[in-house]
file run_32.cif (mmCIF, C-alpha atoms)
data_upload
loop_
_atom_site.label_atom_id
_atom_site.label_comp_id
_atom_site.auth_asym_id
_atom_site.auth_seq_id
_atom_site.Cartn_x
_atom_site.Cartn_y
_atom_site.Cartn_z
CA MET S 121 60.48 -32.53 -111.34
CA ASN S 122 58.20 -34.84 -113.35
CA ARG S 123 60.11 -37.97 -112.39
CA ARG S 124 57.78 -40.77 -111.26
CA ARG S 125 58.07 -41.89 -107.65
CA SER S 126 57.64 -45.51 -108.72
CA THR S 127 60.98 -45.30 -110.56
CA ALA S 128 62.84 -43.27 -107.93
CA ASP S 129 66.37 -44.32 -107.09
CA SER S 130 69.84 -43.02 -106.30
CA PRO S 131 72.37 -43.93 -109.02
CA TYR S 132 75.23 -43.28 -106.61
CA MET S 133 73.86 -45.49 -103.82
CA GLU S 134 73.16 -48.29 -106.30
CA TRP S 135 76.76 -48.04 -107.56
CA ALA S 136 78.14 -47.89 -104.01
CA LYS S 137 76.24 -51.01 -102.95
CA LEU S 138 76.78 -53.12 -106.08
CA TYR S 139 79.95 -51.94 -107.83
CA SER S 140 82.26 -50.07 -105.45
CA THR S 141 83.73 -53.04 -103.61
CA ALA S 142 87.28 -53.90 -104.61
CA ARG S 143 90.39 -55.45 -103.14
CA TYR S 144 91.97 -51.98 -103.10
CA ASN S 145 89.11 -49.78 -101.97
CA LEU S 146 89.52 -46.00 -102.07
CA ALA S 147 85.80 -45.40 -102.67
CA THR S 148 84.64 -45.20 -99.05
CA SER S 149 84.49 -41.79 -97.40
CA GLY S 150 84.06 -42.76 -93.75
CA MET S 151 86.52 -43.92 -91.14
CA VAL S 152 87.31 -47.58 -90.55
CA ALA S 153 84.65 -49.49 -88.62
CA PHE S 154 84.91 -49.23 -84.84
CA PRO S 155 84.59 -52.72 -83.23
CA LEU S 156 81.64 -53.38 -80.94
CA ALA S 157 83.96 -55.25 -78.56
CA GLU S 158 85.88 -52.04 -77.90
CA LEU S 159 82.77 -50.17 -76.73
CA GLY S 160 82.92 -52.42 -73.68
CA VAL S 161 79.20 -53.19 -73.82
CA GLU S 162 77.70 -55.93 -71.67
CA ILE S 163 74.51 -57.69 -72.67
CA GLY S 164 72.80 -56.45 -69.53
CA GLN S 165 73.08 -52.88 -70.81
CA LEU S 166 70.85 -53.67 -73.80
CA GLU S 167 67.11 -54.21 -74.16
CA ILE S 168 65.06 -55.04 -77.23
CA ASN S 169 62.18 -52.70 -76.42
CA GLY S 170 62.34 -49.15 -75.17
CA PRO S 171 60.05 -47.27 -72.75
CA SER S 172 56.38 -47.65 -73.72
CA SER S 173 55.75 -43.93 -73.17
CA SER S 174 58.85 -42.57 -74.90
CA GLY S 175 56.87 -40.31 -77.27
CA TYR S 176 59.07 -38.64 -79.88
CA GLY S 177 62.71 -39.55 -79.42
CA TYR S 178 64.65 -41.50 -76.83
CA GLU S 179 65.27 -39.02 -74.04
CA PRO S 180 68.81 -40.10 -73.04
CA LEU S 181 69.99 -39.97 -76.66
CA LEU S 182 68.38 -36.58 -77.34
CA GLY S 183 70.04 -35.34 -74.15
CA LYS S 184 73.49 -36.48 -75.34
CA ILE S 185 73.02 -34.71 -78.68
CA ALA S 186 71.72 -31.55 -76.99
CA ALA S 187 74.68 -31.42 -74.61
CA ARG S 188 77.33 -32.07 -77.27
CA TYR S 189 76.05 -29.46 -79.71
CA ASN S 190 74.70 -27.01 -77.14
CA VAL S 191 71.21 -26.88 -78.61
CA PRO S 192 67.74 -27.08 -77.00
CA GLN S 193 66.24 -30.55 -77.04
CA GLU S 194 63.07 -29.38 -78.79
CA SER S 195 65.23 -28.54 -81.82
CA ILE S 196 66.53 -32.12 -82.22
CA VAL S 197 65.00 -34.83 -84.41
CA SER S 198 66.37 -38.37 -84.46
CA ALA S 199 67.00 -39.86 -87.90
CA ILE S 200 68.25 -43.11 -89.39
CA GLY S 201 71.56 -41.65 -90.55
CA THR S 202 72.32 -38.30 -92.18
CA SER S 203 70.61 -39.19 -95.47
CA MET S 204 67.29 -39.73 -93.74
CA GLY S 205 67.89 -36.48 -91.89
CA ASN S 206 68.33 -34.69 -95.22
CA TYR S 207 65.11 -36.22 -96.51
CA LEU S 208 63.15 -35.15 -93.43
CA ALA S 209 64.59 -31.63 -93.53
CA LEU S 210 63.61 -31.13 -97.19
CA ALA S 211 60.20 -32.80 -96.78
CA ALA S 212 59.32 -30.59 -93.81
CA THR S 213 60.20 -27.30 -95.49
CA THR S 214 58.95 -27.74 -99.08
CA GLU S 215 55.95 -28.72 -101.17
CA PRO S 216 56.04 -30.41 -104.61
CA GLY S 217 57.02 -27.85 -107.24
CA ASP S 218 59.01 -25.69 -104.82
CA GLU S 219 62.46 -24.52 -105.85
CA ILE S 220 65.67 -25.36 -104.00
CA LEU S 221 69.23 -24.24 -104.67
CA ILE S 222 71.97 -26.89 -104.42
CA GLU S 223 75.73 -26.44 -104.68
CA ARG S 224 77.69 -27.79 -107.64
CA PRO S 225 79.69 -30.09 -107.43
CA ASN S 226 77.16 -31.90 -105.29
CA TYR S 227 76.40 -35.19 -103.58
CA GLU S 228 74.07 -37.15 -105.86
CA PRO S 229 71.67 -38.60 -103.22
CA LEU S 230 70.67 -35.04 -102.29
CA LEU S 231 69.54 -34.49 -105.88
CA SER S 232 67.68 -37.81 -106.02
CA THR S 233 65.94 -37.01 -102.73
CA ALA S 234 64.85 -33.60 -104.05
CA ARG S 235 63.56 -35.16 -107.27
CA TYR S 236 61.63 -37.78 -105.30
CA LEU S 237 59.96 -34.96 -103.34
CA GLY S 238 58.97 -33.28 -106.61
CA LEU S 239 61.20 -30.23 -106.13
CA ARG S 240 62.57 -27.95 -108.82
CA ILE S 241 66.40 -27.99 -108.58
CA GLU S 242 68.61 -25.01 -109.38
CA HIS S 243 72.37 -24.81 -108.77
CA PHE S 244 74.95 -22.37 -107.49
CA GLN S 245 78.63 -22.88 -108.11
CA ARG S 246 81.61 -23.68 -105.95
CA ARG S 247 84.85 -22.12 -107.20
CA ASN S 248 88.02 -23.91 -108.35
CA ASP S 249 89.12 -24.13 -104.69
CA PHE S 250 85.61 -25.43 -103.90
CA ALA S 251 84.76 -22.41 -101.75
CA ILE S 252 81.19 -21.16 -102.16
CA ASP S 253 80.93 -18.65 -104.99
CA PHE S 254 78.91 -16.14 -103.01
CA ALA S 255 78.35 -13.84 -105.98
CA ASP S 256 76.87 -16.74 -107.95
CA LEU S 257 74.69 -17.73 -105.00
CA GLU S 258 73.42 -14.17 -104.66
CA ARG S 259 72.57 -14.06 -108.38
CA ARG S 260 70.63 -17.31 -108.28
CA ILE S 261 68.62 -17.04 -105.07
CA ARG S 262 65.06 -15.85 -105.66
CA PRO S 263 62.02 -15.08 -103.50
CA ARG S 264 60.61 -18.51 -104.42
CA THR S 265 63.78 -20.37 -103.31
CA ARG S 266 62.70 -22.45 -100.33
CA VAL S 267 66.01 -24.07 -99.30
CA ILE S 268 69.73 -23.58 -99.99
CA VAL S 269 71.60 -26.89 -99.67
CA ILE S 270 75.28 -27.07 -98.61
CA THR S 271 77.59 -29.84 -97.39
CA ASN S 272 80.32 -28.94 -94.89
CA LEU S 273 82.88 -30.43 -95.18
CA HIS S 274 82.00 -30.29 -98.85
CA ASN S 275 81.20 -33.64 -100.38
CA PRO S 276 83.01 -34.48 -102.70
CA SER S 277 86.04 -32.16 -102.29
CA GLY S 278 86.43 -32.02 -98.50
CA ALA S 279 86.60 -28.18 -98.54
CA PHE S 280 85.73 -26.48 -95.25
CA CYS S 281 83.14 -23.69 -95.27
CA SER S 282 84.03 -21.07 -92.65
CA GLU S 283 81.57 -19.59 -90.19
CA SER S 284 82.03 -16.15 -91.76
CA THR S 285 80.90 -17.52 -95.14
CA LEU S 286 77.93 -19.26 -93.57
CA ARG S 287 76.97 -15.97 -91.89
CA GLU S 288 76.92 -14.34 -95.33
CA VAL S 289 74.70 -17.14 -96.61
CA ALA S 290 72.39 -16.69 -93.61
CA ALA S 291 72.08 -12.94 -94.24
CA LEU S 292 71.16 -13.63 -97.85
CA ALA S 293 68.64 -16.31 -96.86
CA ARG S 294 66.90 -13.98 -94.40
CA LYS S 295 66.08 -11.55 -97.19
CA THR S 296 64.01 -14.15 -99.03
CA GLY S 297 62.78 -16.22 -96.07
CA THR S 298 64.83 -19.18 -97.28
CA TYR S 299 66.03 -22.06 -95.12
CA VAL S 300 69.66 -23.20 -95.26
CA LEU S 301 70.25 -26.96 -95.03
CA VAL S 302 73.82 -27.84 -94.04
CA ASP S 303 74.90 -31.48 -94.04
CA GLU S 304 77.67 -31.51 -91.39
CA VAL S 305 78.43 -35.23 -91.26
CA TYR S 306 82.02 -34.72 -92.48
CA ARG S 307 82.53 -31.69 -90.23
CA GLU S 308 82.87 -34.18 -87.39
CA MET S 309 86.31 -34.96 -88.86
CA LEU S 310 87.60 -31.81 -87.19
CA PHE S 311 87.29 -34.03 -84.07
CA GLU S 312 86.30 -31.15 -81.78
CA THR S 313 85.16 -31.75 -78.22
CA GLN S 314 82.44 -29.11 -78.54
CA PRO S 315 81.60 -28.80 -82.26
CA ARG S 316 80.47 -25.38 -83.47
CA SER S 317 77.49 -26.14 -85.69
CA ALA S 318 76.07 -23.81 -88.35
CA PHE S 319 72.82 -24.07 -86.41
CA HIS S 320 74.20 -21.59 -83.87
CA ILE S 321 74.50 -18.89 -86.54
CA ASP S 322 70.73 -18.62 -86.96
CA PRO S 323 68.53 -21.25 -85.28
CA GLU S 324 65.48 -19.98 -87.20
CA ARG S 325 67.07 -20.29 -90.67
CA PHE S 326 69.44 -23.25 -90.44
CA LEU S 327 68.61 -26.94 -90.68
CA VAL S 328 71.65 -29.06 -89.83
CA THR S 329 72.00 -32.80 -90.39
CA ASN S 330 74.65 -35.04 -88.88
CA SER S 331 75.35 -38.53 -87.55
CA LEU S 332 77.91 -40.80 -85.93
CA THR S 333 78.44 -42.65 -89.20
CA LYS S 334 81.43 -41.12 -91.01
CA ALA S 335 83.96 -39.76 -88.50
CA TYR S 336 83.72 -42.43 -85.82
CA GLY S 337 83.34 -45.70 -87.72
CA LEU S 338 79.87 -46.22 -86.20
CA SER S 339 77.83 -46.43 -89.39
CA GLY S 340 75.96 -49.55 -88.29
CA LEU S 341 74.29 -47.70 -85.42
CA ARG S 342 72.46 -45.51 -87.94
CA CYS S 343 72.47 -42.75 -85.32
CA GLY S 344 71.62 -39.52 -87.12
CA TRP S 345 69.85 -36.30 -86.23
CA VAL S 346 68.56 -32.97 -87.48
CA LEU S 347 68.87 -29.61 -85.73
CA ALA S 348 65.97 -27.36 -86.70
CA PRO S 349 63.63 -24.64 -85.41
CA PRO S 350 61.15 -26.29 -83.00
CA ASP S 351 58.13 -25.90 -85.31
CA VAL S 352 60.04 -27.51 -88.20
CA ALA S 353 61.33 -30.23 -85.87
CA ARG S 354 57.75 -31.11 -84.93
CA ARG S 355 56.84 -31.46 -88.61
CA MET S 356 59.81 -33.78 -89.14
CA TRP S 357 58.73 -36.05 -86.29
CA ARG S 358 55.24 -36.34 -87.84
CA ILE S 359 56.65 -37.05 -91.31
CA ASN S 360 58.90 -39.73 -89.84
CA ASP S 361 55.80 -41.41 -88.40
CA LEU S 362 55.01 -42.39 -92.00
CA HIS S 363 58.42 -43.99 -92.60
CA GLY S 364 59.82 -45.49 -89.41
CA ALA S 365 57.64 -44.50 -86.49
CA THR S 366 59.92 -46.03 -83.86
CA PHE S 367 63.66 -46.61 -83.79
CA VAL S 368 65.64 -49.77 -83.10
CA HIS S 369 66.07 -49.53 -79.34
CA PRO S 370 69.35 -51.50 -79.04
CA GLY S 371 70.76 -49.02 -81.55
CA GLU S 372 69.62 -46.11 -79.38
CA LEU S 373 71.21 -47.65 -76.29
CA LEU S 374 74.48 -48.31 -78.13
CA SER S 375 74.44 -44.75 -79.49
CA VAL S 376 74.19 -43.33 -75.97
CA ILE S 377 77.16 -45.47 -74.94
CA ALA S 378 79.08 -44.30 -78.02
CA PHE S 379 78.43 -40.63 -77.18
CA GLU S 380 79.89 -41.26 -73.73
CA GLN S 381 83.09 -42.56 -75.38
CA LEU S 382 83.45 -40.08 -78.25
CA GLY S 383 86.59 -38.60 -76.65
CA PRO S 384 88.78 -41.70 -76.97
CA ILE S 385 87.09 -42.77 -80.21
CA SER S 386 87.85 -39.34 -81.72
CA ALA S 387 91.48 -39.47 -80.59
CA ARG S 388 91.92 -42.88 -82.19
CA MET S 389 90.32 -41.88 -85.48
CA LYS S 390 92.18 -38.56 -85.61
CA THR S 391 95.56 -40.29 -85.24
CA LEU S 392 94.69 -42.81 -87.96
CA LEU S 393 93.44 -40.11 -90.32
CA GLU S 394 96.51 -37.90 -89.83
CA THR S 395 98.73 -40.84 -90.80
CA ASN S 396 96.63 -41.67 -93.85
CA ARG S 397 96.43 -38.05 -95.01
CA LYS S 398 100.24 -37.85 -95.00
CA LEU S 399 100.34 -40.87 -97.29
CA LEU S 400 97.74 -39.32 -99.57
CA ARG S 401 99.50 -35.97 -99.72
CA GLN S 402 102.81 -37.66 -100.59
CA PHE S 403 101.05 -39.63 -103.31
CA LEU S 404 99.40 -36.56 -104.86
CA GLY S 405 102.63 -34.54 -104.64
CA ALA S 406 104.43 -37.17 -106.72
CA ARG S 407 101.87 -37.16 -109.55
CA ASP S 408 102.06 -34.84 -112.55
CA ASP S 409 98.94 -36.30 -114.15
CA LEU S 410 96.52 -35.02 -111.49
CA ASP S 411 95.30 -31.60 -110.40
CA CYS S 412 93.99 -31.62 -106.86
CA TYR S 413 92.76 -29.15 -104.27
CA TRP S 414 94.09 -30.17 -100.85
CA PRO S 415 91.45 -29.85 -98.09
CA GLU S 416 92.48 -29.01 -94.53
CA TYR S 417 90.37 -31.79 -93.02
CA GLY S 418 88.66 -35.06 -93.81
CA THR S 419 89.15 -38.33 -95.64
CA ILE S 420 88.40 -37.30 -99.22
CA VAL S 421 89.95 -35.47 -102.17
CA LEU S 422 88.63 -34.88 -105.68
CA PRO S 423 91.49 -34.92 -108.22
CA ARG S 424 91.09 -34.00 -111.87
CA LEU S 425 92.71 -36.19 -114.49
CA ARG S 426 94.85 -33.91 -116.68
CA ARG S 427 94.83 -36.21 -119.69
CA GLY S 428 92.26 -38.73 -120.80
CA ASN S 429 88.70 -39.62 -119.84
CA ALA S 430 88.20 -39.99 -116.07
CA GLU S 431 85.24 -42.34 -116.50
CA GLU S 432 87.35 -44.69 -118.63
CA PHE S 433 90.13 -44.49 -116.06
CA CYS S 434 87.79 -45.47 -113.20
CA GLU S 435 86.58 -48.46 -115.19
CA LEU S 436 90.16 -49.49 -115.99
CA LEU S 437 91.04 -49.33 -112.29
CA ARG S 438 88.10 -51.50 -111.31
CA THR S 439 88.40 -54.14 -114.02
CA HIS S 440 92.19 -54.49 -114.37
CA PHE S 441 93.66 -53.28 -111.07
CA GLU S 442 91.04 -54.37 -108.49
CA THR S 443 90.92 -50.76 -107.32
CA SER S 444 87.86 -48.65 -106.63
CA VAL S 445 87.48 -44.85 -106.61
CA VAL S 446 84.23 -42.93 -107.07
CA PRO S 447 83.58 -41.65 -110.62
CA GLY S 448 83.04 -37.90 -110.72
CA ARG S 449 79.75 -38.24 -112.61
CA PHE S 450 78.07 -38.85 -109.25
CA PHE S 451 79.11 -35.36 -108.15
CA ASP S 452 78.35 -33.44 -111.35
CA CYS S 453 82.05 -33.27 -112.34
CA PRO S 454 82.80 -36.16 -114.75
CA GLU S 455 86.40 -35.03 -115.31
CA ARG S 456 87.27 -35.91 -111.69
CA PHE S 457 87.11 -38.86 -109.29
CA ARG S 458 86.91 -39.07 -105.50
CA ILE S 459 89.49 -40.80 -103.30
CA GLY S 460 88.79 -41.73 -99.67
CA VAL S 461 91.48 -42.72 -97.15
CA GLY S 462 89.64 -43.56 -93.94
CA GLY S 463 90.60 -47.23 -93.93
CA PRO S 464 93.39 -49.10 -92.12
CA THR S 465 96.74 -47.48 -92.90
CA GLU S 466 98.34 -50.50 -94.56
CA THR S 467 95.26 -50.96 -96.75
CA VAL S 468 95.41 -47.29 -97.76
CA ARG S 469 99.14 -47.55 -98.49
CA GLU S 470 98.67 -50.58 -100.78
CA SER S 471 95.62 -49.06 -102.45
CA LEU S 472 97.46 -45.82 -103.27
CA ARG S 473 100.32 -47.86 -104.71
CA GLN S 474 97.88 -49.74 -106.92
CA LEU S 475 96.20 -46.48 -107.92
CA GLY S 476 99.59 -45.15 -109.04
CA THR S 477 100.18 -48.23 -111.17
CA GLY S 478 96.78 -47.77 -112.74
CA LEU S 479 97.49 -44.10 -113.49
CA ASP S 480 100.80 -45.01 -115.15
CA THR S 481 99.15 -47.67 -117.31
CA PHE S 482 96.31 -45.35 -118.28
CA ALA S 483 98.75 -42.57 -119.22
CA GLU S 484 100.66 -44.94 -121.51
CA ALA S 485 97.44 -46.12 -123.14
CA THR S 486 96.21 -42.55 -123.60
CA LEU S 487 99.49 -41.49 -125.18
CA SER S 488 99.50 -44.48 -127.53
CA SER S 489 95.92 -43.74 -128.57
CA SER S 490 96.77 -40.11 -129.20
CA LEU S 491 99.78 -41.03 -131.35
CA ARG S 492 97.68 -43.45 -133.43
CA ARG S 493 95.08 -40.77 -134.09
CA SER S 494 97.71 -38.22 -135.16
CA SER S 495 99.59 -40.58 -137.50
#

call {"tool": "encode", "arguments": {"input": "run_32.cif", "output": "structure tokens"}}
result
Amino acid sequence: MNRRRSTADSPYMEWAKLYSTARYNLATSGMVAFPLAELGVEIGQLEINGPSSSGYGYEPLLGKIAARYNVPQESIVSAIGTSMGNYLALAATTEPGDEILIERPNYEPLLSTARYLGLRIEHFQRRNDFAIDFADLERRIRPRTRVIVITNLHNPSGAFCSESTLREVAALARKTGTYVLVDEVYREMLFETQPRSAFHIDPERFLVTNSLTKAYGLSGLRCGWVLAPPDVARRMWRINDLHGATFVHPGELLSVIAFEQLGPISARMKTLLETNRKLLRQFLGARDDLDCYWPEYGTIVLPRLRRGNAEEFCELLRTHFETSVVPGRFFDCPERFRIGVGGPTETVRESLRQLGTGLDTFAEATLSSSLRRSS
């Protein structure tokens, strides 16, 4: 809580930008980039500057979001990606020194954002199958808890949190007047025509963040949003005035076009992901050196290395096998690492093969080291 703002950072984002790139890249969690050419956009459809009297939010884009998620427009706040949405949601519902309750394992940038805002962080546990441990959550929530923070699909495991569980969380939150922030960016990988957001469970308690970035390969548009009670939404708009008062208008126009084509984009990404998940499941099934929960949806898994140090293994992969996975330290579980398979199928196939070679080499080195210590 006493961390200085002048030294604020996100260790995970720094690693992702500077050290995650590799020839065989299994560190990314989103789907492969969707080409601009395939949106069928003509230059005449774009303008540099938007309406001079647009106020808060670009009306056509807010309308697309409202229609897709069946929410009132006054509950929608535009954001530069999901991460900015998470920042706005926490900033609008807390003051420095307030307590929030975040799941463990967790997504590191959420922790860094909370620390930057001067919040006191407490944790509740996810179980071995990465379902929410409701009993632990109930024990740890207190009258001073301002926000409960959940990712769904869970980042880093990919576990899906059911609506019935979220209803239990909502009932608990109502008792203490606590908000529930649900990052739903990976939930889009269910590829539903009419997504059922947690916001519908209790529009006065839930804050939901999302974007077009992960499921549709549209990260460069930076099209994100928050669903929130109207009074909280108004606070978010005012806070955003301090950070990025207006949005890049060509990005807004392209986002509207993308929403109009989400049907075929979803079908394409779903087919690709189903193929890649089969490859990943076959790979995991053939390994006796990994324990892994298999999620029903999404691009990511979070295996545990049965023998040896996972951090050392990740470094070996990167330096000797040109292969990148995400070290588990960024998710509060250093004995694990995260694999993502949203890329082109042939790239995923080759990367998994290289990962297997790295695992075999690491196992041999670990065994040799163990024998030397015992002799």

call {"tool": "closest_residue", "arguments": {"input": "run_32.cif", "among": "S:Phe451, S:Arg124, S:Phe280, S:Leu425", "to": "S:Glu223", "atoms": "all atoms listed in the file"}}
result
S:Phe451

call {"tool": "closest_residue", "arguments": {"input": "run_32.cif", "among": "S:Asp322, S:Glu372, S:Glu466, S:Glu431", "to": "S:Phe450", "atoms": "only C-alpha atoms"}}
result
S:Glu431

call {"tool": "closest_atom_pairs", "arguments": {"input": "run_32.cif", "of": "stretch 260-321 of chain S", "to": "stretch 341-358 of chain S", "cutoff": "10 Å", "atoms": "all atoms listed in the file", "output": "Markdown table"}}
result
| residue | atom | partner | partner_atom | distance |
| --- | --- | --- | --- | --- |
| S:Tyr299 | CA | S:Ala348 | CA | 9.9 |
| S:Leu301 | CA | S:Ala348 | CA | 9.4 |
| S:Val302 | CA | S:Leu347 | CA | 9.8 |
| S:Asp303 | CA | S:Val346 | CA | 9.2 |
| S:Val305 | CA | S:Gly344 | CA | 9.1 |
| S:Ser317 | CA | S:Leu347 | CA | 9.3 |
| S:Ala318 | CA | S:Leu347 | CA | 9.6 |
| S:Phe319 | CA | S:Leu347 | CA | 6.8 |
| S:His320 | CA | S:Leu347 | CA | 9.8 |

call {"tool": "closest_residue", "arguments": {"input": "run_32.cif", "among": "S:Ala157, S:Ala406, S:Val446, S:Leu399", "to": "S:Thr141", "atoms": "all atoms listed in the file"}}
result
S:Val446

call {"tool": "residues_near_point", "arguments": {"input": "run_32.cif", "point": "(84.2, -17.5, -96.9)", "cutoff": "12 Å", "atoms": "all atoms listed in the file", "output": "tab-separated table (two decimals) with C-alpha atoms, in the frame of the given file"}}
result
chain	number	residue	atom	x	y	z
S	246	ARG	CA	81.61	-23.68	-105.95
S	247	ARG	CA	84.85	-22.12	-107.20
S	249	ASP	CA	89.12	-24.13	-104.69
S	250	PHE	CA	85.61	-25.43	-103.90
S	251	ALA	CA	84.76	-22.41	-101.75
S	252	ILE	CA	81.19	-21.16	-102.16
S	253	ASP	CA	80.93	-18.65	-104.99
S	254	PHE	CA	78.91	-16.14	-103.01
S	255	ALA	CA	78.35	-13.84	-105.98
S	279	ALA	CA	86.60	-28.18	-98.54
S	280	PHE	CA	85.73	-26.48	-95.25
S	281	CYS	CA	83.14	-23.69	-95.27
S	282	SER	CA	84.03	-21.07	-92.65
S	283	GLU	CA	81.57	-19.59	-90.19
S	284	SER	CA	82.03	-16.15	-91.76
S	285	THR	CA	80.90	-17.52	-95.14
S	286	LEU	CA	77.93	-19.26	-93.57
S	287	ARG	CA	76.97	-15.97	-91.89
S	288	GLU	CA	76.92	-14.34	-95.33
S	289	VAL	CA	74.70	-17.14	-96.61

call {"tool": "closest_residue", "arguments": {"input": "run_32.cif", "among": "S:Leu182, S:Val468, S:Ala211, S:Leu393", "to": "S:Leu362", "atoms": "all atoms listed in the file"}}
result
S:Ala211

call {"tool": "residues_around", "arguments": {"input": "run_32.cif", "residues": "S:Gly405", "least_positions_apart": "6", "cutoff": "12 Å", "atoms": "all atoms listed in the file", "output": "VMD selection string"}}
result
chain S and resid 397 to 399 411 to 414 423 476
